[in-house]
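The block underneath contains the structure these notes are about, expressed in structure tokens.
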Amino acid sequence: MNLKTSNMNDLTLIGPFKQILPMTGISLKGSIPDSELTVLEDAGILMEDAKIRSIGKFSELQSEHTDAEVFRLEGDHVALPGFVDSHTHICFGGSRANDYALRNAGKTYLEIAKAGGGIWDTVTQTRKASKEELIKNIVKRANRHLKNGTTTIEVKSGYGLSVDEEVKILQAIKEADTKTSANLISTCLAAHMLPRDFNGNASAYLEEISTKLFPLLKEENLTRRIDAFIEESAFSETQIASYFKKAKAMDFDITVHADQFSTGGSKVAVAFGAVSADHLEVSTQTEIELLAKSDTIATALPGASLGLGCKFTPARKILDAGGALAIASDHNPGSAPMGDLLTQAAVLGAFEKLSNAEVLAGITFRAAAALRISNRGKLDDGYLADFCVFHTHNFNEILYNQGNLKPCMVWKNGELVYNKHKTP
Ligand SMILES: [Zn+2]
């Protein structure tokens with residue numbers, strides 16, 4: 001007989017924290033003054049298995065739950081919800097370091113492509129890589145993000161660009177998820193660019209993907225999300241509209257690479273009830289208002305702006321218009337090689353004049369909403385016990401240090417998965 005009861009042996013209390021920012025009581029949309037942040041002092045987190053049982057004063061939790069195992073912290077610590085990175089491309093082979101140098105030296109996109117660079121180079125390298133190599137790469141990158149506080153990471157396919165290669169990538173992401181403590185959420189981005197194999201016939205390619213790949217995604221449970229790059233250099237609004245119609249009919253969630261170099265994508269995103277529209281660097285007031293009125297989360301990708309030397313997503317305007325703003329790293333080998341969410345979010349905050357509350361919401365519960373995940377991004381009863389801990393007395397130090405202050409501990413599903421003090 002199993003004698004284990006719900007409150008015997010499996011409760012863990014961690015604290016006392018100088019501050020806990022639970023990110024609760026804040027709306028999903030619109031601007032957030034820092035005065036709306038709840039800051040709990042001398043607080044503790046009581047966990048039951050993978051979930052948060054209760055948050056409150058450490059001393060009270062300790063006297064109410066004498067059976068809890070106590071993980072006692074010495075010195076000043078601040079806890080935040082584990083970060084959610086809702087947009088990455090960390091499944092890739094090769095490197096584009098040479099492209100980066102060429103681009104910064106003033107070469108055009110075409111010149112770089114002629115020199116053997118560009119996305120197609122990554123496609124070639126990724127196709128060449130075995131599934132095992134891809135898994136190893138994803139796990140290595142995911143573990144680095146995890147150490148930096150990101151406990152949930154979206155990972156897109158999109159460097160395979162054929163039915164078989166996209167399946168290989170999505171299988172690699174699925175398997176990598178079992179090999180890292182971070183949680184990986186996969187997205188099919190077969191509509192990333194038109195593969196050379198199709199000689200300019202975009203409709204034929206999208207038709208092949210929707211008829212052959214979509215059913216496989218369902219059968220093998222490889223993803224519940226379909227993404228597309230709507231851009232002059234990729235796919236048109238009309239092409240993607242009929243592609244999304246098929247995806248919607250099969251009950252996939254839709255997300256869009258929109259308005260990066262030209263507008264149009266956000267309109268399609270809103271029309272199809274996309275969970276998120278990402279990039280938006282060139283969105284004008286028209287697109288901003290359209291997004292703000294919708295349920296689509298607007299996602300800024302400052303890492304791409306930093307990588308390309310382009311302007312940032314108009315995050316301030318999106319929030320002021322009442323939109324929901326998430327911030328993601330876009331970690332990819334071409335335009336956003338840095339892959340450091342906290343640094344990028346802090347830099348975006350400085351350039352776009354965002355409150356700390358807005359930046360932190362953008363990498364926690366608003367990013368979780370962009371993935372349609374409701375059990376993380378906040379520290380509250382019943383949420384997953386995913387949180388990162390910083391060795392500081394004041395949460396404002398975290399963004400002030402612009403990513404240079406790293407977590408000293410990361411907890412995922414109630415388990416300590418990174419502890420600076422114990423890692424050489
Ligand atoms: Zn992207």
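Ordering of the structure tokens sets the chain letters (A, B, ...), residue numbers begin anew at 1 in every chain, and ligands are numbered from 1 in the order given.
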What lies within 10 Å of Ile363 in chain A using only C-alpha atoms, ignoring chain neighbours under 6 positions off, as a tab-separated table (two decimals) with N, CA and C atoms, in the first residue's frame?
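Now in around37.tsv:
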chain	number	residue	atom	x	y	z
A	81	PRO	N	9.89	34.40	-11.80
A	81	PRO	CA	9.46	33.21	-12.55
A	81	PRO	C	10.53	32.83	-13.57
A	82	GLY	N	10.68	31.54	-13.84
A	82	GLY	CA	11.60	31.12	-14.90
A	82	GLY	C	11.23	31.82	-16.19
A	83	PHE	N	12.23	32.27	-16.94
A	83	PHE	CA	11.94	33.01	-18.17
A	83	PHE	C	11.41	32.07	-19.25
A	84	VAL	N	10.58	32.65	-20.11
A	84	VAL	CA	10.02	31.91	-21.23
A	84	VAL	C	10.52	32.57	-22.50
A	85	ASP	N	11.25	31.84	-23.32
A	85	ASP	CA	11.75	32.38	-24.59
A	85	ASP	C	10.84	31.81	-25.68
A	86	SER	N	9.95	32.66	-26.19
A	86	SER	CA	8.88	32.15	-27.06
A	86	SER	C	9.25	32.12	-28.54
A	150	THR	N	16.22	30.73	-18.32
A	150	THR	CA	15.10	30.41	-19.22
A	150	THR	C	14.71	28.94	-19.05
A	299	THR	N	5.39	40.10	-30.45
A	299	THR	CA	6.67	39.68	-29.87
A	299	THR	C	7.84	40.45	-30.48
A	325	LEU	N	2.83	42.61	-25.12
A	325	LEU	CA	4.19	42.52	-25.65
A	325	LEU	C	5.00	41.43	-24.98
A	326	ALA	N	5.46	40.48	-25.80
A	326	ALA	CA	6.42	39.50	-25.32
A	326	ALA	C	7.78	39.86	-25.91
A	327	ILE	N	8.84	39.40	-25.27
A	327	ILE	CA	10.19	39.65	-25.78
A	327	ILE	C	10.89	38.29	-25.86
A	328	ALA	N	11.44	37.98	-27.04
A	328	ALA	CA	12.11	36.67	-27.21
A	328	ALA	C	13.47	36.88	-27.86
A	329	SER	N	14.29	35.83	-27.82
A	329	SER	CA	15.69	36.00	-28.26
A	329	SER	C	15.89	35.81	-29.76
A	341	LEU	N	18.65	36.11	-23.71
A	341	LEU	CA	17.35	36.76	-23.57
A	341	LEU	C	17.38	37.93	-22.58
A	342	LEU	N	18.00	37.72	-21.43
A	342	LEU	CA	17.97	38.76	-20.40
A	342	LEU	C	18.72	40.01	-20.85
A	345	ALA	N	16.56	41.72	-23.57
A	345	ALA	CA	15.36	42.35	-23.01
A	345	ALA	C	15.74	43.63	-22.28
A	377	GLY	N	5.26	31.25	-15.94
A	377	GLY	CA	5.43	32.68	-16.20
A	377	GLY	C	4.99	33.53	-15.02
Which residues come within 12 Å of Glu60 in chain A, counting only C-alpha atoms, excluding same-chain residues fewer than 5 positions away, as number ranges by chain? A: 13, 15-16, 42-46, 54-55, 65-66
Please produce a file of the residues just selected, as an mmCIF file, in the first residue's frame, where the atoms kept are N, CA, C and O atoms.
data_model
loop_
_atom_site.group_PDB
_atom_site.id
_atom_site.type_symbol
_atom_site.label_atom_id
_atom_site.label_comp_id
_atom_site.auth_asym_id
_atom_site.auth_seq_id
_atom_site.Cartn_x
_atom_site.Cartn_y
_atom_site.Cartn_z
ATOM 1 N N LEU A 13 10.321 23.734 1.063
ATOM 2 C CA LEU A 13 10.198 25.179 1.273
ATOM 3 C C LEU A 13 11.552 25.813 1.006
ATOM 4 O O LEU A 13 12.558 25.398 1.576
ATOM 5 N N GLY A 15 13.774 29.449 0.907
ATOM 6 C CA GLY A 15 13.801 30.845 1.327
ATOM 7 C C GLY A 15 14.762 31.010 2.488
ATOM 8 O O GLY A 15 15.529 30.103 2.766
ATOM 9 N N PRO A 16 14.763 32.103 3.200
ATOM 10 C CA PRO A 16 13.966 33.283 2.873
ATOM 11 C C PRO A 16 14.579 34.100 1.734
ATOM 12 O O PRO A 16 15.799 34.250 1.677
ATOM 13 N N ASP A 42 11.031 39.001 2.469
ATOM 14 C CA ASP A 42 11.285 37.924 3.443
ATOM 15 C C ASP A 42 10.349 36.747 3.168
ATOM 16 O O ASP A 42 9.671 36.243 4.063
ATOM 17 N N ALA A 43 10.323 36.383 1.910
ATOM 18 C CA ALA A 43 9.306 35.435 1.450
ATOM 19 C C ALA A 43 9.881 34.049 1.176
ATOM 20 O O ALA A 43 11.095 33.856 1.116
ATOM 21 N N GLY A 44 8.969 33.104 1.015
ATOM 22 C CA GLY A 44 9.368 31.733 0.700
ATOM 23 C C GLY A 44 8.460 31.148 -0.367
ATOM 24 O O GLY A 44 7.370 31.654 -0.630
ATOM 25 N N ILE A 45 8.964 30.090 -0.998
ATOM 26 C CA ILE A 45 8.165 29.361 -1.991
ATOM 27 C C ILE A 45 8.007 27.936 -1.479
ATOM 28 O O ILE A 45 9.005 27.243 -1.241
ATOM 29 N N LEU A 46 6.765 27.530 -1.292
ATOM 30 C CA LEU A 46 6.495 26.153 -0.868
ATOM 31 C C LEU A 46 6.103 25.351 -2.095
ATOM 32 O O LEU A 46 5.162 25.694 -2.805
ATOM 33 N N SER A 54 2.321 27.137 -2.390
ATOM 34 C CA SER A 54 1.979 28.395 -1.744
ATOM 35 C C SER A 54 3.192 29.334 -1.727
ATOM 36 O O SER A 54 4.330 28.885 -1.720
ATOM 37 N N ILE A 55 2.901 30.628 -1.731
ATOM 38 C CA ILE A 55 3.956 31.639 -1.649
ATOM 39 C C ILE A 55 3.565 32.614 -0.552
ATOM 40 O O ILE A 55 2.384 32.973 -0.440
ATOM 41 N N HIS A 65 4.001 24.610 7.913
ATOM 42 C CA HIS A 65 4.328 23.343 7.231
ATOM 43 C C HIS A 65 5.608 22.753 7.815
ATOM 44 O O HIS A 65 6.655 22.756 7.182
ATOM 45 N N THR A 66 5.496 22.259 9.010
ATOM 46 C CA THR A 66 6.685 21.755 9.704
ATOM 47 C C THR A 66 7.229 20.484 9.049
ATOM 48 O O THR A 66 8.355 20.096 9.289
#
Residues within 9 Å of range 30-35 of chain A, only C-alpha atoms, excluding chain neighbours under 4 positions, as a ChimeraX atom specification: /A:26,292,316,318-325,354-358,361
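Excluding Ile138 in chain A itself and any same-chain residue fewer than 4 positions from it, the protein and nucleic acid residues within 9 Å of it, counting only C-alpha atoms, are Ile90, Cys91, Phe92, Glu133, Leu134, Ala142, Asn143, Val155, Ala172, Ile173, Ala176 and Asp177 of chain A.
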- Query: Could you list, as a VMD selection string, all the residues within 7 Å of ligand 1, counting only C-alpha atoms and all ligand atoms?
  - Reply: chain A and resid 87 to 89 257 330
Backbone-only DSSP, strand (DSSP E or B) members of range 111-260 of chain A, as a PyMOL selection string: chain A and resi 150-156+183-191+225-230+235+253-258
Self-check item: helix (DSSP H, G or I) residues, from DSSP on the backbone, in range 23-203 of chain A, as a ChimeraX atom specification
Solution: /A:34-36,58-64,97-104,109-114,119-128,131-147,163-177,196-198,202-203
**Prompt:** Which is closest to Gly200 in chain A among A:Asn375, A:Ser233, A:Ser130, A:Ser283, if we use only C-alpha atoms?
**Reply:**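 Checking each of A:Asn375, A:Ser233, A:Ser130, A:Ser283 against Gly200 in chain A, counting only C-alpha atoms, the winner is A:Ser233.
From CA of Glu154 in chain A back to CA of Gly382 in chain A, the distance works out to 22.3 Å.
Of note, CA of Glu132 in chain A and CA of Ser186 in chain A are spaced 17.1 Å apart.
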